[in-house]
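> My questions will all concern the structure given below.
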Amino acid sequence: MTFAGTVHGNTMSGEHGRIRSRYLDGGAVMRRLIAGAALAFLGTSASAQSLPAYDLLLRGGHVIDAKNHIDAIMDVAIKDGHIARVGPGLNSGDAIKTIDVRGLYVTPGLIDLHVHVYNGTGERRSYAGDLSVPPDGFTFRSGVTTVIDAGCSGWRNFEDFKDRIIDRSNTRILAMLNIVGSGMRGDRYEQNTFDMDGEVTAKMAARYPGLIVGIKTAHFLGAEWTPVEQAVIAGTRANIPVMVDFGADRPTRPLYDLLTKKLRPGDIYTHMYSGLRQEQDPRTLGPSKGFVEGRARGLYFDTGTGGGSFKFSLAVPMIQQGFKPDSISTDLHMGSMNSATKDILNVASKLIAIGLTLQEVVADMTAHPAQEIRHDELGNLSAGAIADVAVLSLQKGRFGFTDMVNGRVEGTQKLVAELTIKDGKIVYDLNGLEALPWNAPQGDTSQDSRWTSFPRSPSQPGDSTTHH
């Protein structure tokens, strides 16, 4: 490489020598730096002041926001990652980007209360391994912006889960800590009552407040109450709820006692329509006595449909008799993602087919789970709230939905995610609602990153750069 000047000791000749000599005066350097910084600040301030009031405006959609009792055609405006305003007739000229969502439903970003996403460890037949799913591949395409991992990790391996998955994902991941210290890794670990320590588990939960949002007990086959009792100790110490997958049905620890004596108000019973643990009254086919009394005590009941935890023979008569879920969740894992559950919108559509309203299922995927995990900043479109938004279509046609024993129900409506927004930016767009035709003028692209994760390339014709 040839330079315009040559270096000799501490001197430089040629063009570079002239450039260097102009900056030998330190005071001059400082004056120029200050002047440049001032100009940059003024330019930035002027640019910020000239930006429209909103980054993104969703116009003309049917907004359903259970927390704020909204069920009407309205516009939703977003600014700096937060909801700026919800109301009718907002001016598109006040937004960098406006998207027409007429004919679609606009809801808070969906919350899946029960998933398994501790993927990537390589451990076989383990929910802290190969049985879990990578979260970002399954969330946004279903309108989900927040998931709660339900007990894949315990206090011993939570920090590995945090480093490996939570901290590296675009999906907002919260966690329920397994009462088993080693987590959900199969019977060798999950049946070990000596690794169930409420005090130590509570200490780990206290180390990560707001991130660890509950305690989980699951899959226990024994006759004793140890996992439930230790989970309640942990939940009480950390002031967070307990979620129970009650494992095997044992006469020594009946479901009625769990729901009326062992659990506390605000705790969560998942797999509510499984039929595996006497959830149903055999005579009326409605909810069991324990279910009725448990709800009266303030317990929450969650679907957690999974691969083997939802039967129409329970859900249909129980819903007909008024025992509806408090929250809709999938229990998503490698076994359920392709079977009857598929995703949260499939579960919601299934429940619409057997009697729930659209408004009920939206509440059960937004405001209700947010309340159960005590994260009321999520699951709503209040001004100032985090701008997590799902735009959904309600398709009409003939659809089939199945349960854990491959029973089928036909429905005429199916929810589909059209657009998902997390923290104010589009992260999923099924049909290109945000995009302009490929051969139309693209206009100013300089502010795209304020409202989308897919900013348009500013490249010029003839640019040979390949974008992966």
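Just remember, in the structure tokens the first chain shown is A, the second B, etc., residues are 1-based per chain, and ligands are 1-based in the order shown.
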Under the rule of at most 8 Å, produce a per-residue listing of segment 266-324 of chain A near segment 233-241 of chain A: chain, number, name, the closest pair of atoms, and the distance in Å, as a Markdown table, using only C-alpha atoms.


```
| residue | atom | partner | partner_atom | distance |
| --- | --- | --- | --- | --- |
| A:Gly266 | CA | A:Pro241 | CA | 6.1 |
| A:Asp267 | CA | A:Pro241 | CA | 4.9 |
| A:Ile268 | CA | A:Pro241 | CA | 7.1 |
```

> What would the file look like if the residues just selected were written as a JSON list (two decimals), in the first residue's frame with N, CA and C atoms?


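Writing done, so here's again.json:
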```
[["chain", "number", "residue", "atom", "x", "y", "z"],
["A", 266, "GLY", "N", -54.95, -17.50, 44.72],
["A", 266, "GLY", "CA", -53.98, -16.99, 43.75],
["A", 266, "GLY", "C", -53.10, -18.06, 43.15],
["A", 267, "ASP", "N", -53.11, -19.27, 43.71],
["A", 267, "ASP", "CA", -52.37, -20.37, 43.10],
["A", 267, "ASP", "C", -53.14, -20.89, 41.89],
["A", 268, "ILE", "N", -52.46, -21.68, 41.06],
["A", 268, "ILE", "CA", -52.97, -22.04, 39.74],
["A", 268, "ILE", "C", -53.01, -23.55, 39.57]]
```

> Any idea what's packed within 6 Å of segment 154-170 of chain A, counting only C-alpha atoms, ignoring anything in its chain fewer than 6 positions away? Could you give it as a PyMOL selection string?

chain A and resi 177-178+180-183+201+204

> I want to know what sits within 6 Å of Gly109 of chain A, based on only C-alpha atoms, with residues of the same chain fewer than 3 positions away left out; could you give that as a PyMOL selection string?

chain A and resi 144-145+388-390

> Hey, which of A:Val63, A:Leu332, A:Ala417, A:Ile99 ends up closest to Tyr127 of chain A? Count only C-alpha atoms.

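The answer is A:Leu332, which sits nearest to Tyr127 of chain A.
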
> Skip Gly87 of chain A itself and residues of its chain fewer than 4 positions away, then list as a PyMOL selection string all residues within 9 Å of it, counting only C-alpha atoms.

chain A and resi 73-77

> Got a sec: who's within 7 Å of segment 212-217 of chain A, counting only C-alpha atoms, leaving out chain neighbours fewer than 6 positions off, as a PDB file with N, CA and C atoms, in the first residue's frame?


```
ATOM      1  N   ALA A 150     -42.845 -23.172  32.414  1.00  0.00           N
ATOM      2  CA  ALA A 150     -43.490 -23.761  33.586  1.00  0.00           C
ATOM      3  C   ALA A 150     -42.672 -24.905  34.167  1.00  0.00           C
ATOM      4  N   GLY A 151     -41.581 -24.541  34.836  1.00  0.00           N
ATOM      5  CA  GLY A 151     -40.875 -25.508  35.656  1.00  0.00           C
ATOM      6  C   GLY A 151     -39.823 -26.345  34.991  1.00  0.00           C
ATOM      7  N   LEU A 174     -40.550 -15.349  30.984  1.00  0.00           N
ATOM      8  CA  LEU A 174     -40.576 -15.367  32.440  1.00  0.00           C
ATOM      9  C   LEU A 174     -40.562 -16.831  32.864  1.00  0.00           C
ATOM     10  N   ALA A 175     -40.378 -17.096  34.139  1.00  0.00           N
ATOM     11  CA  ALA A 175     -40.205 -18.491  34.541  1.00  0.00           C
ATOM     12  C   ALA A 175     -40.913 -18.808  35.842  1.00  0.00           C
ATOM     13  N   MET A 176     -41.432 -20.026  35.893  1.00  0.00           N
ATOM     14  CA  MET A 176     -41.841 -20.650  37.151  1.00  0.00           C
ATOM     15  C   MET A 176     -40.773 -21.669  37.501  1.00  0.00           C
ATOM     16  N   LEU A 177     -40.247 -21.561  38.697  1.00  0.00           N
ATOM     17  CA  LEU A 177     -39.140 -22.406  39.131  1.00  0.00           C
ATOM     18  C   LEU A 177     -39.672 -23.746  39.639  1.00  0.00           C
ATOM     19  N   ASN A 178     -39.117 -24.833  39.137  1.00  0.00           N
ATOM     20  CA  ASN A 178     -39.540 -26.151  39.590  1.00  0.00           C
ATOM     21  C   ASN A 178     -39.133 -26.355  41.044  1.00  0.00           C
ATOM     22  N   ILE A 179     -40.004 -26.976  41.816  1.00  0.00           N
ATOM     23  CA  ILE A 179     -39.659 -27.246  43.209  1.00  0.00           C
ATOM     24  C   ILE A 179     -38.563 -28.303  43.295  1.00  0.00           C
ATOM     25  N   ALA A 205     -35.653 -17.600  43.723  1.00  0.00           N
ATOM     26  CA  ALA A 205     -36.726 -16.740  43.209  1.00  0.00           C
ATOM     27  C   ALA A 205     -36.528 -15.298  43.646  1.00  0.00           C
ATOM     28  N   PRO A 227     -43.999 -32.523  47.365  1.00  0.00           N
ATOM     29  CA  PRO A 227     -43.770 -31.474  46.366  1.00  0.00           C
ATOM     30  C   PRO A 227     -44.720 -30.292  46.501  1.00  0.00           C
ATOM     31  N   VAL A 228     -45.971 -30.555  46.814  1.00  0.00           N
ATOM     32  CA  VAL A 228     -46.937 -29.466  46.986  1.00  0.00           C
ATOM     33  C   VAL A 228     -46.580 -28.635  48.203  1.00  0.00           C
ATOM     34  N   ALA A 231     -43.485 -26.600  47.554  1.00  0.00           N
ATOM     35  CA  ALA A 231     -43.784 -25.534  46.588  1.00  0.00           C
ATOM     36  C   ALA A 231     -44.511 -24.376  47.263  1.00  0.00           C
ATOM     37  N   GLY A 235     -43.371 -20.568  47.468  1.00  0.00           N
ATOM     38  CA  GLY A 235     -44.248 -19.509  46.995  1.00  0.00           C
ATOM     39  C   GLY A 235     -44.563 -18.485  48.064  1.00  0.00           C
ATOM     40  N   ILE A 240     -44.963 -15.381  45.529  1.00  0.00           N
ATOM     41  CA  ILE A 240     -45.361 -15.656  44.154  1.00  0.00           C
ATOM     42  C   ILE A 240     -46.275 -16.881  44.144  1.00  0.00           C
ATOM     43  N   PRO A 241     -47.073 -17.049  43.085  1.00  0.00           N
ATOM     44  CA  PRO A 241     -48.023 -18.167  43.052  1.00  0.00           C
ATOM     45  C   PRO A 241     -47.359 -19.506  42.773  1.00  0.00           C
ATOM     46  N   VAL A 242     -48.090 -20.559  43.096  1.00  0.00           N
ATOM     47  CA  VAL A 242     -47.691 -21.934  42.786  1.00  0.00           C
ATOM     48  C   VAL A 242     -48.597 -22.451  41.679  1.00  0.00           C
ATOM     49  N   MET A 243     -48.001 -23.063  40.665  1.00  0.00           N
ATOM     50  CA  MET A 243     -48.771 -23.775  39.635  1.00  0.00           C
ATOM     51  C   MET A 243     -48.600 -25.274  39.856  1.00  0.00           C
ATOM     52  N   VAL A 244     -49.714 -25.988  39.789  1.00  0.00           N
ATOM     53  CA  VAL A 244     -49.683 -27.423  40.058  1.00  0.00           C
ATOM     54  C   VAL A 244     -50.154 -28.221  38.849  1.00  0.00           C
ATOM     55  N   ASP A 245     -49.265 -29.088  38.346  1.00  0.00           N
ATOM     56  CA  ASP A 245     -49.618 -30.242  37.529  1.00  0.00           C
ATOM     57  C   ASP A 245     -49.601 -31.391  38.528  1.00  0.00           C
ATOM     58  N   ILE A 373     -49.868 -13.865  37.135  1.00  0.00           N
ATOM     59  CA  ILE A 373     -48.430 -13.814  37.449  1.00  0.00           C
ATOM     60  C   ILE A 373     -48.028 -12.460  38.043  1.00  0.00           C
TER      61      ILE A 373
END
```

> One decimal, in Å: what's the spacing between atom CA of Asp71 of chain A and atom CA of Gln359 of chain A?

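Taking atom CA of Asp71 of chain A and atom CA of Gln359 of chain A, their separation equals 8.0 Å.
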
> Determine which residues of segment 132-200 of chain A receive a DSSP assignment of strand (DSSP E or B), computed from the backbone, and state them as a list of chain:residue names.

A:Val144, A:Thr145, A:Thr146, A:Val147, A:Ile148, A:Asp149, A:Ala150, A:Arg172, A:Ile173, A:Leu174, A:Ala175, A:Met176, A:Leu177, A:Asn178, A:Val180, A:Met196

> Grab the residues selected above and save them as a PDB file, in the first residue's frame with N, CA and C atoms.


```pdb
ATOM      1  N   VAL A 144     -48.067 -14.298  20.154  1.00  0.00           N
ATOM      2  CA  VAL A 144     -47.567 -14.369  21.532  1.00  0.00           C
ATOM      3  C   VAL A 144     -46.307 -13.518  21.666  1.00  0.00           C
ATOM      4  N   THR A 145     -46.283 -12.664  22.666  1.00  0.00           N
ATOM      5  CA  THR A 145     -45.093 -11.851  22.944  1.00  0.00           C
ATOM      6  C   THR A 145     -44.437 -12.206  24.272  1.00  0.00           C
ATOM      7  N   THR A 146     -45.180 -12.878  25.153  1.00  0.00           N
ATOM      8  CA  THR A 146     -44.651 -13.267  26.464  1.00  0.00           C
ATOM      9  C   THR A 146     -45.013 -14.717  26.749  1.00  0.00           C
ATOM     10  N   VAL A 147     -44.044 -15.492  27.216  1.00  0.00           N
ATOM     11  CA  VAL A 147     -44.325 -16.858  27.657  1.00  0.00           C
ATOM     12  C   VAL A 147     -43.791 -17.044  29.064  1.00  0.00           C
ATOM     13  N   ILE A 148     -44.391 -17.993  29.776  1.00  0.00           N
ATOM     14  CA  ILE A 148     -43.910 -18.380  31.096  1.00  0.00           C
ATOM     15  C   ILE A 148     -43.474 -19.836  31.015  1.00  0.00           C
ATOM     16  N   ASP A 149     -42.189 -20.059  31.167  1.00  0.00           N
ATOM     17  CA  ASP A 149     -41.685 -21.427  31.198  1.00  0.00           C
ATOM     18  C   ASP A 149     -42.117 -22.064  32.517  1.00  0.00           C
ATOM     19  N   ALA A 150     -42.845 -23.172  32.414  1.00  0.00           N
ATOM     20  CA  ALA A 150     -43.490 -23.761  33.586  1.00  0.00           C
ATOM     21  C   ALA A 150     -42.672 -24.905  34.167  1.00  0.00           C
ATOM     22  N   ARG A 172     -40.301 -12.361  25.207  1.00  0.00           N
ATOM     23  CA  ARG A 172     -40.179 -12.091  26.646  1.00  0.00           C
ATOM     24  C   ARG A 172     -40.451 -13.403  27.379  1.00  0.00           C
ATOM     25  N   ILE A 173     -39.462 -13.888  28.097  1.00  0.00           N
ATOM     26  CA  ILE A 173     -39.593 -15.170  28.797  1.00  0.00           C
ATOM     27  C   ILE A 173     -39.509 -14.943  30.293  1.00  0.00           C
ATOM     28  N   LEU A 174     -40.550 -15.349  30.984  1.00  0.00           N
ATOM     29  CA  LEU A 174     -40.576 -15.367  32.440  1.00  0.00           C
ATOM     30  C   LEU A 174     -40.562 -16.831  32.864  1.00  0.00           C
ATOM     31  N   ALA A 175     -40.378 -17.096  34.139  1.00  0.00           N
ATOM     32  CA  ALA A 175     -40.205 -18.491  34.541  1.00  0.00           C
ATOM     33  C   ALA A 175     -40.913 -18.808  35.842  1.00  0.00           C
ATOM     34  N   MET A 176     -41.432 -20.026  35.893  1.00  0.00           N
ATOM     35  CA  MET A 176     -41.841 -20.650  37.151  1.00  0.00           C
ATOM     36  C   MET A 176     -40.773 -21.669  37.501  1.00  0.00           C
ATOM     37  N   LEU A 177     -40.247 -21.561  38.697  1.00  0.00           N
ATOM     38  CA  LEU A 177     -39.140 -22.406  39.131  1.00  0.00           C
ATOM     39  C   LEU A 177     -39.672 -23.746  39.639  1.00  0.00           C
ATOM     40  N   ASN A 178     -39.117 -24.833  39.137  1.00  0.00           N
ATOM     41  CA  ASN A 178     -39.540 -26.151  39.590  1.00  0.00           C
ATOM     42  C   ASN A 178     -39.133 -26.355  41.044  1.00  0.00           C
ATOM     43  N   VAL A 180     -38.388 -29.074  42.241  1.00  0.00           N
ATOM     44  CA  VAL A 180     -37.247 -29.994  42.163  1.00  0.00           C
ATOM     45  C   VAL A 180     -36.025 -29.176  41.765  1.00  0.00           C
ATOM     46  N   MET A 196     -36.362 -31.508  46.827  1.00  0.00           N
ATOM     47  CA  MET A 196     -37.473 -30.566  46.868  1.00  0.00           C
ATOM     48  C   MET A 196     -37.327 -29.717  48.128  1.00  0.00           C
TER      49      MET A 196
END
```

> Can you pull out the residues contacting Val101 of chain A? Cut-off 7 Å, using only C-alpha atoms, and skip same-chain residues under 6 positions away; I want them as number ranges by chain.

A: 58-61

> Save out the residues we just selected, C-alpha atoms, as a compact mmCIF listing (two decimals), in the first residue's frame.


```txt
# COMPACT_ATOMS: atom_id res chain seq x y z
CA LEU A 58 -52.81 0.85 13.57
CA ARG A 59 -55.98 2.26 12.01
CA GLY A 60 -59.52 0.95 11.97
CA GLY A 61 -59.16 -2.36 13.81
```

> DSSP on the backbone, helix (DSSP H, G or I) only: what residues of segment 323-433 of chain A does that give? Format it as a VMD selection string.

chain A and resid 344 to 353 358 to 364 367 to 372

> Can you pull out every residue within 8 Å of Arg264 of chain A, counting only C-alpha atoms, but drop anything in the same chain fewer than 5 positions away, and send it as a PyMOL selection string?

chain A and resi 232+297-299

> Take the residues that were just selected and, keeping C-alpha atoms, output them as an mmCIF file, in the first residue's frame.


```cif
data_model
loop_
_atom_site.group_PDB
_atom_site.id
_atom_site.type_symbol
_atom_site.label_atom_id
_atom_site.label_comp_id
_atom_site.auth_asym_id
_atom_site.auth_seq_id
_atom_site.Cartn_x
_atom_site.Cartn_y
_atom_site.Cartn_z
ATOM 1 C CA VAL A 232 -46.169 -23.638 48.867
ATOM 2 C CA ARG A 297 -61.356 -19.788 47.533
ATOM 3 C CA GLY A 298 -59.651 -17.754 44.806
ATOM 4 C CA LEU A 299 -57.691 -20.408 42.911
#
```

> Please measure the separation of atom CA of Pro325 of chain A and atom CA of Thr366 of chain A, giving the value in Å to one decimal.

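Between atom CA of Pro325 of chain A and atom CA of Thr366 of chain A the gap works out to 12.9 Å.
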
> How many Å separate atom CA of Arg141 of chain A from atom CA of Ala367 of chain A?

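Interatomic distance here is 19.9 Å.
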
> Of the candidates A:Leu314, A:Leu394, A:Ala248, A:Leu263, which shows the shortest atom-to-atom distance to Tyr105 of chain A, using only C-alpha atoms?

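Closest to Tyr105 of chain A, using only C-alpha atoms: A:Leu394.
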
> Given only C-alpha atoms as the basis, pick out the residue of A:Arg374, A:Pro265, A:Phe138, A:Lys97 nearest to Pro455 of chain A.

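When distances to Pro455 of chain A are compared using only C-alpha atoms, the smallest one comes from A:Lys97.
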
> Rank nothing, just name the residue among A:Asp112, A:Arg398, A:Met404, A:Ala202 nearest to His368 of chain A, using only C-alpha atoms.

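Smallest distance to His368 of chain A is found for A:Asp112.
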
> Of the candidates A:Glu293, A:Asp281, A:Asp376, A:Asp448, which one gets nearest to Lys67 of chain A if we count only C-alpha atoms?

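When distances to Lys67 of chain A are compared using only C-alpha atoms, the smallest one comes from A:Asp376.
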